[in-house]
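Structure file target-v5.pdb with PDB, C-alpha atoms:
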```
ATOM      1  CA  MET A   8     138.205  51.747   5.715
ATOM      2  CA  ALA A   9     139.143  54.563   3.388
ATOM      3  CA  LYS A  10     136.582  57.299   3.068
ATOM      4  CA  LEU A  11     134.284  56.910   0.128
ATOM      5  CA  CYS A  12     135.064  59.388  -2.647
ATOM      6  CA  PHE A  13     133.460  58.277  -5.858
ATOM      7  CA  ALA A  14     132.029  61.423  -7.445
ATOM      8  CA  GLY A  15     132.734  61.475 -11.174
ATOM      9  CA  PHE A  16     134.757  58.246 -11.033
ATOM     10  CA  PRO A  17     138.074  59.908 -10.207
ATOM     11  CA  LYS A  18     140.345  56.918 -10.711
ATOM     12  CA  MET A  19     138.768  54.881 -13.471
ATOM     13  CA  LYS A  20     140.635  52.735 -15.931
ATOM     14  CA  GLU A  21     139.129  51.412 -19.158
ATOM     15  CA  ILE A  22     139.673  47.723 -19.854
ATOM     16  CA  TYR A  23     138.944  46.105 -23.213
ATOM     17  CA  TYR A  24     138.204  42.404 -23.161
ATOM     18  CA  ASN A  25     137.166  39.498 -25.342
ATOM     19  CA  THR A  26     134.734  36.918 -23.983
ATOM     20  CA  SER A  27     136.539  34.201 -25.892
ATOM     21  CA  ALA A  28     140.114  33.384 -24.928
ATOM     22  CA  GLY A  29     140.514  31.904 -28.415
ATOM     23  CA  GLU A  30     140.074  33.629 -31.752
ATOM     24  CA  TYR A  31     139.372  37.310 -31.986
ATOM     25  CA  ASP A  32     135.724  38.043 -32.662
ATOM     26  CA  SER A  33     134.599  41.662 -32.608
ATOM     27  CA  ALA A  34     131.069  40.638 -31.581
ATOM     28  CA  ARG A  35     132.490  39.190 -28.395
ATOM     29  CA  THR A  36     134.471  42.148 -27.222
ATOM     30  CA  GLY A  37     133.487  44.640 -24.579
ATOM     31  CA  LYS A  38     134.772  47.439 -22.444
ATOM     32  CA  VAL A  39     134.468  47.939 -18.716
ATOM     33  CA  ARG A  40     135.557  50.775 -16.482
ATOM     34  CA  VAL A  41     137.374  49.719 -13.330
ATOM     35  CA  HIS A  42     137.966  51.914 -10.281
ATOM     36  CA  SER A  43     141.358  51.771  -8.556
ATOM     37  CA  GLN A  44     139.684  50.230  -5.475
ATOM     38  CA  VAL A  45     138.122  47.432  -7.581
ATOM     39  CA  TYR A  46     139.828  44.265  -8.819
ATOM     40  CA  GLU A  47     140.931  44.633 -12.408
ATOM     41  CA  PRO A  48     139.850  41.668 -14.568
ATOM     42  CA  ALA A  49     142.691  39.163 -14.861
ATOM     43  CA  ALA A  50     143.268  35.535 -15.936
ATOM     44  CA  ASP A  51     141.005  34.242 -13.146
ATOM     45  CA  THR A  52     138.179  36.571 -14.197
ATOM     46  CA  TYR A  53     138.440  35.568 -17.842
ATOM     47  CA  LEU A  54     138.577  31.830 -17.114
ATOM     48  CA  LEU A  55     135.444  32.043 -14.956
ATOM     49  CA  MET A  56     133.676  34.271 -17.489
ATOM     50  CA  GLU A  57     134.389  31.971 -20.410
ATOM     51  CA  THR A  58     133.303  28.916 -18.414
ATOM     52  CA  ALA A  59     130.148  30.608 -17.122
ATOM     53  CA  LEU A  60     129.189  31.733 -20.631
ATOM     54  CA  LYS A  61     129.373  28.099 -21.796
ATOM     55  CA  GLU A  62     127.309  26.979 -18.800
ATOM     56  CA  VAL A  63     124.533  29.594 -18.789
ATOM     57  CA  SER A  64     121.196  29.060 -20.544
ATOM     58  CA  SER A  65     118.249  31.332 -21.302
ATOM     59  CA  THR A  66     116.216  29.860 -18.440
ATOM     60  CA  ASP A  67     118.872  30.474 -15.799
ATOM     61  CA  THR A  68     118.293  32.729 -12.818
ATOM     62  CA  VAL A  69     121.813  33.814 -11.946
ATOM     63  CA  ILE A  70     123.437  35.417  -8.938
ATOM     64  CA  GLU A  71     127.047  36.498  -8.994
ATOM     65  CA  ILE A  72     128.670  37.005  -5.607
ATOM     66  CA  GLY A  73     131.698  39.300  -5.528
ATOM     67  CA  THR A  74     130.930  40.785  -8.909
ATOM     68  CA  GLY A  75     133.728  43.385  -8.777
ATOM     69  CA  CYS A  76     133.466  45.618 -11.833
ATOM     70  CA  GLY A  77     130.527  43.486 -13.041
ATOM     71  CA  ILE A  78     132.144  42.140 -16.196
ATOM     72  CA  ILE A  79     130.883  38.548 -15.751
ATOM     73  CA  ALA A  80     127.383  39.541 -14.615
ATOM     74  CA  ARG A  81     127.027  41.840 -17.597
ATOM     75  CA  GLU A  82     127.994  39.142 -20.088
ATOM     76  CA  LEU A  83     125.750  36.530 -18.418
ATOM     77  CA  ALA A  84     122.798  38.938 -18.523
ATOM     78  CA  LYS A  85     122.883  38.735 -22.345
ATOM     79  CA  THR A  86     121.779  35.090 -22.082
ATOM     80  CA  ALA A  87     120.233  34.435 -18.669
ATOM     81  CA  GLU A  88     116.644  35.167 -17.660
ATOM     82  CA  THR A  89     117.728  37.237 -14.666
ATOM     83  CA  VAL A  90     121.071  38.219 -13.175
ATOM     84  CA  VAL A  91     121.683  39.701  -9.744
ATOM     85  CA  ALA A  92     125.163  40.885  -8.791
ATOM     86  CA  ALA A  93     126.389  41.414  -5.225
ATOM     87  CA  ASP A  94     129.576  42.765  -3.720
ATOM     88  CA  ILE A  95     130.678  44.006  -0.308
ATOM     89  CA  ASN A  96     132.949  46.694  -1.775
ATOM     90  CA  PRO A  97     131.165  50.069  -2.185
ATOM     91  CA  TYR A  98     133.359  50.959  -5.175
ATOM     92  CA  ALA A  99     132.638  47.623  -6.853
ATOM     93  CA  VAL A 100     128.841  47.926  -6.688
ATOM     94  CA  ARG A 101     129.002  51.409  -8.226
ATOM     95  CA  CYS A 102     131.399  50.168 -10.890
ATOM     96  CA  ALA A 103     129.119  47.255 -11.750
ATOM     97  CA  ARG A 104     126.180  49.643 -12.138
ATOM     98  CA  ALA A 105     128.239  52.006 -14.268
ATOM     99  CA  ASN A 106     129.212  49.044 -16.443
ATOM    100  CA  GLY A 107     125.567  48.260 -17.151
ATOM    101  CA  VAL A 108     124.621  45.594 -14.604
ATOM    102  CA  ALA A 109     120.976  46.318 -13.762
ATOM    103  CA  ASN A 110     120.506  44.489 -10.471
ATOM    104  CA  VAL A 111     123.281  45.264  -8.042
ATOM    105  CA  VAL A 112     123.205  44.802  -4.280
ATOM    106  CA  ARG A 113     125.809  45.666  -1.675
ATOM    107  CA  ALA A 114     125.959  42.672   0.614
ATOM    108  CA  ASP A 115     128.287  40.344   2.482
ATOM    109  CA  LEU A 116     127.985  37.132   0.433
ATOM    110  CA  PHE A 117     124.267  36.120   0.649
ATOM    111  CA  SER A 118     123.292  37.994   3.803
ATOM    112  CA  GLY A 119     120.306  40.189   3.025
ATOM    113  CA  ILE A 120     119.545  38.163  -0.118
ATOM    114  CA  ARG A 121     116.748  35.612  -0.319
ATOM    115  CA  GLY A 122     115.554  33.209  -2.958
ATOM    116  CA  ARG A 123     117.050  30.336  -4.908
ATOM    117  CA  TYR A 124     119.081  30.575  -8.083
ATOM    118  CA  SER A 125     119.800  28.068 -10.816
ATOM    119  CA  LEU A 126     123.333  29.350 -11.380
ATOM    120  CA  ILE A 127     125.556  30.824  -8.659
ATOM    121  CA  VAL A 128     128.879  32.280  -9.782
ATOM    122  CA  PHE A 129     131.746  33.314  -7.498
ATOM    123  CA  ASN A 130     135.341  34.331  -8.088
ATOM    124  CA  PRO A 131     136.328  34.365  -4.427
ATOM    125  CA  PRO A 132     139.197  35.975  -2.561
ATOM    126  CA  TYR A 133     141.604  33.068  -2.118
ATOM    127  CA  ILE A 134     144.987  34.381  -0.961
ATOM    128  CA  PRO A 135     145.962  33.531   2.639
ATOM    129  CA  ILE A 136     146.375  36.901   4.374
ATOM    130  CA  GLN A 137     147.386  37.435   7.998
ATOM    131  CA  GLU A 138     146.022  40.253  10.117
ATOM    132  CA  SER A 139     149.416  42.059  10.035
ATOM    133  CA  GLU A 140     149.407  42.053   6.203
ATOM    134  CA  LYS A 141     146.213  44.063   5.837
ATOM    135  CA  HIS A 142     146.140  47.675   4.645
ATOM    136  CA  ASP A 143     142.507  48.558   5.326
ATOM    137  CA  GLU A 144     141.646  49.096   1.651
ATOM    138  CA  TRP A 145     138.373  47.973   0.048
ATOM    139  CA  ILE A 146     140.157  46.297  -2.860
ATOM    140  CA  GLU A 147     141.627  43.783  -0.408
ATOM    141  CA  CYS A 148     138.186  42.139  -0.270
ATOM    142  CA  ALA A 149     139.026  40.854  -3.757
ATOM    143  CA  TRP A 150     141.917  38.664  -2.596
ATOM    144  CA  ASP A 151     141.852  38.398   1.208
ATOM    145  CA  GLY A 152     140.793  34.817   1.853
ATOM    146  CA  GLY A 153     141.553  35.072   5.579
ATOM    147  CA  PRO A 154     144.434  33.289   7.356
ATOM    148  CA  SER A 155     143.659  29.960   5.646
ATOM    149  CA  GLY A 156     142.940  31.455   2.234
ATOM    150  CA  ALA A 157     139.652  29.523   2.224
ATOM    151  CA  ASP A 158     137.769  31.404   4.945
ATOM    152  CA  VAL A 159     135.471  33.293   2.577
ATOM    153  CA  ILE A 160     135.063  30.269   0.273
ATOM    154  CA  ASN A 161     133.905  28.141   3.224
ATOM    155  CA  ARG A 162     131.394  30.731   4.390
ATOM    156  CA  PHE A 163     130.175  31.103   0.803
ATOM    157  CA  LEU A 164     129.658  27.360   0.283
ATOM    158  CA  GLU A 165     127.534  26.986   3.406
ATOM    159  CA  GLN A 166     125.303  29.867   2.330
ATOM    160  CA  ALA A 167     125.222  28.975  -1.376
ATOM    161  CA  LYS A 168     123.807  25.541  -0.605
ATOM    162  CA  GLU A 169     120.716  27.272   0.827
ATOM    163  CA  HIS A 170     120.294  29.438  -2.267
ATOM    164  CA  MET A 171     120.376  26.781  -5.001
ATOM    165  CA  THR A 172     117.384  25.520  -6.934
ATOM    166  CA  VAL A 173     116.919  21.734  -7.090
ATOM    167  CA  ASN A 174     119.040  21.388 -10.233
ATOM    168  CA  GLY A 175     121.129  24.463  -9.492
ATOM    169  CA  ARG A 176     124.854  24.704 -10.103
ATOM    170  CA  ILE A 177     127.610  26.659  -8.408
ATOM    171  CA  LEU A 178     130.584  27.788 -10.497
ATOM    172  CA  LEU A 179     133.476  28.559  -8.178
ATOM    173  CA  LEU A 180     136.951  29.618  -9.217
ATOM    174  CA  ILE A 181     139.712  27.967  -7.180
ATOM    175  CA  SER A 182     143.492  28.335  -7.290
ATOM    176  CA  THR A 183     146.182  25.859  -6.326
ATOM    177  CA  ILE A 184     147.226  28.581  -3.847
ATOM    178  CA  THR A 185     144.108  27.738  -1.815
ATOM    179  CA  GLY A 186     144.126  24.040  -2.683
ATOM    180  CA  VAL A 187     141.583  22.520  -5.032
ATOM    181  CA  GLU A 188     141.353  19.168  -3.195
ATOM    182  CA  ARG A 189     140.644  20.892   0.074
ATOM    183  CA  VAL A 190     137.742  22.860  -1.392
ATOM    184  CA  MET A 191     136.359  19.777  -3.163
ATOM    185  CA  GLU A 192     136.374  17.921   0.159
ATOM    186  CA  ARG A 193     134.520  20.777   1.764
ATOM    187  CA  ILE A 194     131.911  20.709  -0.990
ATOM    188  CA  GLY A 195     131.553  16.946  -0.520
ATOM    189  CA  GLY A 196     131.153  17.484   3.213
ATOM    190  CA  LEU A 197     128.193  19.754   2.509
ATOM    191  CA  GLY A 198     126.494  16.954   0.575
ATOM    192  CA  MET A 199     127.223  18.274  -2.895
ATOM    193  CA  LYS A 200     129.412  16.896  -5.636
ATOM    194  CA  ALA A 201     132.002  18.951  -7.453
ATOM    195  CA  GLU A 202     133.851  18.500 -10.720
ATOM    196  CA  GLU A 203     136.569  20.453 -12.458
ATOM    197  CA  ILE A 204     135.157  21.822 -15.686
ATOM    198  CA  ALA A 205     137.907  24.222 -16.745
ATOM    199  CA  SER A 206     141.449  25.008 -15.809
ATOM    200  CA  SER A 207     144.300  27.243 -16.812
ATOM    201  CA  ARG A 208     147.936  27.525 -15.786
ATOM    202  CA  VAL A 209     149.244  30.992 -15.017
ATOM    203  CA  PRO A 210     152.467  32.068 -13.253
ATOM    204  CA  TYR A 211     152.643  30.726  -9.647
ATOM    205  CA  GLU A 212     149.289  28.922  -9.758
ATOM    206  CA  ARG A 213     146.828  26.782 -11.654
ATOM    207  CA  LEU A 214     143.288  28.125 -11.831
ATOM    208  CA  THR A 215     140.305  25.795 -11.853
ATOM    209  CA  VAL A 216     136.576  26.246 -12.182
ATOM    210  CA  LEU A 217     134.588  23.823 -10.027
ATOM    211  CA  ARG A 218     130.966  23.069 -10.830
ATOM    212  CA  SER A 219     129.005  21.888  -7.794
ATOM    213  CA  LYS A 220     125.553  20.370  -7.754
ATOM    214  CA  ALA A 221     123.328  18.584  -5.321
ATOM    215  CA  PRO A 222     123.956  14.811  -5.719
TER     216      PRO A 222
ATOM    217  CA  MET B  12     109.167  65.377  -2.705
ATOM    218  CA  LYS B  13     107.186  62.380  -3.893
ATOM    219  CA  LYS B  14     106.948  59.714  -1.263
ATOM    220  CA  HIS B  15     105.440  56.230  -1.389
ATOM    221  CA  ILE B  16     105.397  53.371   1.038
ATOM    222  CA  TYR B  17     105.463  49.827  -0.329
ATOM    223  CA  ASN B  18     105.814  46.482   1.301
ATOM    224  CA  THR B  19     108.389  44.446  -0.640
ATOM    225  CA  THR B  20     106.344  41.275  -0.344
ATOM    226  CA  ILE B  21     103.612  42.648  -2.587
ATOM    227  CA  LEU B  22     105.910  43.910  -5.325
ATOM    228  CA  ASN B  23     105.843  41.847  -8.483
ATOM    229  CA  GLY B  24     108.802  42.938 -10.544
ATOM    230  CA  TYR B  25     107.258  45.466 -12.917
ATOM    231  CA  THR B  26     110.706  46.834 -13.555
ATOM    232  CA  MET B  27     114.110  45.379 -12.863
ATOM    233  CA  LYS B  28     114.483  47.422  -9.745
ATOM    234  CA  ARG B  29     111.119  46.452  -8.255
ATOM    235  CA  GLU B  30     112.018  42.858  -8.950
ATOM    236  CA  LEU B  31     115.266  43.334  -7.093
ATOM    237  CA  MET B  32     113.450  44.585  -3.999
ATOM    238  CA  ASP B  33     111.599  41.285  -3.933
ATOM    239  CA  ILE B  34     114.726  39.257  -3.206
ATOM    240  CA  LEU B  35     116.014  41.367  -0.351
ATOM    241  CA  CYS B  36     115.631  40.700   3.359
ATOM    242  CA  CYS B  37     117.133  41.933   6.589
ATOM    243  CA  PRO B  38     120.771  40.712   6.733
ATOM    244  CA  MET B  39     120.489  40.192  10.473
ATOM    245  CA  CYS B  40     117.108  38.484  11.008
ATOM    246  CA  LYS B  41     116.040  37.682   7.394
ATOM    247  CA  SER B  42     112.673  39.385   7.913
ATOM    248  CA  ASP B  43     110.805  41.236   5.174
ATOM    249  CA  LEU B  44     111.797  44.832   4.639
ATOM    250  CA  SER B  45     109.476  47.707   3.927
ATOM    251  CA  LEU B  46     110.464  50.136   1.227
ATOM    252  CA  ASP B  47     110.313  53.887   1.525
ATOM    253  CA  VAL B  48     111.062  55.615  -1.777
ATOM    254  CA  THR B  49     112.365  59.172  -1.757
ATOM    255  CA  ASP B  50     113.366  59.411  -5.418
ATOM    256  CA  GLU B  51     112.526  57.257  -8.414
ATOM    257  CA  ASN B  52     112.487  57.558 -12.196
ATOM    258  CA  GLU B  53     110.391  55.640 -14.725
ATOM    259  CA  GLU B  54     112.632  52.623 -14.507
ATOM    260  CA  GLU B  55     113.695  52.241 -10.937
ATOM    261  CA  ILE B  56     114.062  53.406  -7.391
ATOM    262  CA  VAL B  57     117.067  55.708  -7.173
ATOM    263  CA  THR B  58     117.089  56.703  -3.517
ATOM    264  CA  GLY B  59     115.184  55.320  -0.563
ATOM    265  CA  THR B  60     115.329  53.241   2.541
ATOM    266  CA  LEU B  61     114.605  49.637   3.404
ATOM    267  CA  TYR B  62     113.395  49.163   6.941
ATOM    268  CA  CYS B  63     113.326  46.112   9.183
ATOM    269  CA  ALA B  64     110.628  46.568  11.821
ATOM    270  CA  LYS B  65     111.895  43.621  13.872
ATOM    271  CA  CYS B  66     115.469  44.964  14.200
ATOM    272  CA  ASP B  67     114.373  48.621  13.937
ATOM    273  CA  GLU B  68     117.146  49.087  11.396
ATOM    274  CA  HIS B  69     117.285  51.091   8.158
ATOM    275  CA  TYR B  70     119.178  50.033   5.035
ATOM    276  CA  PRO B  71     119.837  52.817   2.524
ATOM    277  CA  ILE B  72     119.295  52.669  -1.247
ATOM    278  CA  GLU B  73     121.672  55.076  -2.990
ATOM    279  CA  ASP B  74     122.196  55.499  -6.736
ATOM    280  CA  GLY B  75     119.869  52.544  -7.278
ATOM    281  CA  ILE B  76     121.978  50.220  -5.121
ATOM    282  CA  PRO B  77     120.481  48.795  -1.915
ATOM    283  CA  ASN B  78     123.042  48.496   0.862
ATOM    284  CA  LEU B  79     122.277  45.364   2.845
ATOM    285  CA  LEU B  80     125.324  45.458   5.076
ATOM    286  CA  PRO B  81     124.653  45.526   8.814
ATOM    287  CA  PRO B  82     125.373  49.016  10.235
ATOM    288  CA  ASP B  83     128.737  48.011  11.757
ATOM    289  CA  MET B  84     130.072  46.877   8.348
ATOM    290  CA  ARG B  85     129.042  49.859   6.238
ATOM    291  CA  ASP B  86     132.104  52.143   6.458
TER     292      ASP B  86
END
```
Would you kindly transcribe this structure into structure tokens?
Amino acid sequence: MAKLCFAGFPKMKEIYYNTSAGEYDSARTGKVRVHSQVYEPAADTYLLMETALKEVSSTDTVIEIGTGCGIIARELAKTAETVVAADINPYAVRCARANGVANVVRADLFSGIRGRYSLIVFNPPYIPIQESEKHDEWIECAWDGGPSGADVINRFLEQAKEHMTVNGRILLLISTITGVERVMERIGGLGMKAEEIASSRVPYERLTVLRSKAP
Amino acid sequence: MKKHIYNTTILNGYTMKRELMDILCCPMCKSDLSLDVTDENEEEIVTGTLYCAKCDEHYPIEDGIPNLLPPDMRD
């Protein structure tokens, strides 16, 4: 992996966003700084953020896996009781901290993290990537879903099941590139039930947010 | 340099950062970690080390961010 060189945020970009995809509301806007080795918020980020903000309540204990620049974790922290954000990318965890997320952990999915959470949020890497297509950059963690495109999602689901409270929910963003049916079957196979609670069509794919719960 | 030794299992979340330490475990064996603080401010631990006695492995805390990746995945 590329050598870590983060002093003074050398390659930061400022992104302005609105937590509502609908009407403009100045109270719902924010700004995040995103490093060039961190995924820049896009349609998938905003769909998951908007859906998660509708889902979250003041009693929720939240964990966001793959927080990236921390935009979703930061917004959820305004409502939730606690929010923990994790990412494997060293640039992402620093970005999330710089963007005001208090509890940030560098970890591979849930490894090194204990406890159960009432709301688990994940915008996973979902693009099928072959070994020969890799460039050894940290930002690739944001989209590299392994040869099947669902490798990370499958590992996540198995671990997430062990980190849910009794009435806990998982919000997982899925693209038609990975296959929504396939992921829903996987969730069913783990003894949970999933439903589509939001979706959005963007060029080349349809994005969906799945909410999974114990039956 | 100020130096304290805490066991994460007895920390009760007095600040956000202490609370965070409570939910961490060894990524390899899931055991409790002991915390060795080398630098902290009023709000949180800035620099330190988490140690797993069972695996004899250290996990660094830098800039307030604990790094729970196994040693072979860190770089």
key: Within 6 Å of chain A: residues of chain B, using only C-alpha atoms, as a list in words   = Ile34, Leu35, Cys36, Cys37, Pro38, Ile76, Pro77, Asn78, Leu79 and Leu80 of chain B
request  = Check which residues satisfy the PyMOL selection byres ((chain A and resi 24) around 10) in the file shown, then give them as an NGL selection string.
outcome  = :A and (21-23 or 25-28 or 35-39 or 48-49 or 53 or 78)
ask   = Selected by the PyMOL selection byres ((chain B and resi 59) around 6) in the shown coordinates: which residues, as a count of residues only?
value = 6
query = For this file, the PyMOL selection byres ((chain A and resi 137) around 10) selects which residues, as a PyMOL selection string?
reply = chain A and resi 134-136+138-141+151-156
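Atom to atom, CA of Cys102 (chain A) and CA of Leu180 (chain A) stand 21.4 Å apart.
CA of Ser43 (chain A) lies 29.7 Å from CA of Lys61 (chain A).
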ask   = Near region 64-74 of chain A, within 7 Å and counting all atoms listed in the file, which residues show up once chain neighbours fewer than 3 positions away are dropped, as a list of chain:residue names?
value =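 Here the qualifying residues turn out to be A:Gly77, A:Ala80, A:Thr86, A:Ala87, A:Glu88, A:Thr89, A:Val90, A:Val91, A:Ala92, A:Ala93, A:Asp94, A:Leu116, A:Tyr124, A:Ser125, A:Leu126, A:Ile127, A:Val128, A:Phe129, A:Asn130, A:Pro131.
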key: Arg189 (chain A) surroundings by only C-alpha atoms, 12 Å radius, close-in-sequence under 2 positions cut, as a ChimeraX atom specification   = /A:155-158,160-161,181-187,191-196,201
Kindly output region 204-216 of chain A as a compact mmCIF listing (two decimals), in the coordinates of the input, after building N, CA, C and O atoms.
```txt
# COMPACT_ATOMS: atom_id res chain seq x y z
N ILE A 204 135.63 21.72 -14.31
CA ILE A 204 135.16 21.82 -15.69
C ILE A 204 136.03 22.73 -16.56
O ILE A 204 135.84 22.81 -17.76
N ALA A 205 136.97 23.42 -15.95
CA ALA A 205 137.91 24.22 -16.74
C ALA A 205 139.14 24.47 -15.90
O ALA A 205 139.07 24.47 -14.67
N SER A 206 140.26 24.65 -16.57
CA SER A 206 141.45 25.01 -15.81
C SER A 206 142.46 25.70 -16.70
O SER A 206 142.41 25.61 -17.93
N SER A 207 143.34 26.45 -16.06
CA SER A 207 144.30 27.24 -16.81
C SER A 207 145.53 27.46 -15.94
O SER A 207 145.41 27.71 -14.75
N ARG A 208 146.71 27.33 -16.55
CA ARG A 208 147.94 27.52 -15.79
C ARG A 208 148.45 28.94 -16.01
O ARG A 208 148.55 29.38 -17.15
N VAL A 209 148.69 29.64 -14.93
CA VAL A 209 149.24 30.99 -15.02
C VAL A 209 150.45 31.03 -14.08
O VAL A 209 150.64 30.11 -13.29
N PRO A 210 151.30 32.05 -14.14
CA PRO A 210 152.47 32.07 -13.25
C PRO A 210 152.08 31.88 -11.79
O PRO A 210 151.13 32.49 -11.32
N TYR A 211 152.79 31.01 -11.09
CA TYR A 211 152.64 30.73 -9.65
C TYR A 211 151.40 29.92 -9.26
O TYR A 211 151.26 29.56 -8.11
N GLU A 212 150.48 29.67 -10.16
CA GLU A 212 149.29 28.92 -9.76
C GLU A 212 148.58 28.29 -10.96
O GLU A 212 148.81 28.66 -12.10
N ARG A 213 147.74 27.32 -10.64
CA ARG A 213 146.83 26.78 -11.65
C ARG A 213 145.42 27.17 -11.20
O ARG A 213 145.07 27.02 -10.04
N LEU A 214 144.65 27.70 -12.13
CA LEU A 214 143.29 28.12 -11.83
C LEU A 214 142.32 27.06 -12.31
O LEU A 214 142.53 26.46 -13.37
N THR A 215 141.28 26.83 -11.53
CA THR A 215 140.30 25.80 -11.85
C THR A 215 138.90 26.35 -11.63
O THR A 215 138.70 27.13 -10.70
N VAL A 216 137.97 25.93 -12.47
CA VAL A 216 136.58 26.25 -12.18
C VAL A 216 135.89 24.96 -11.74
O VAL A 216 135.91 23.95 -12.46
```
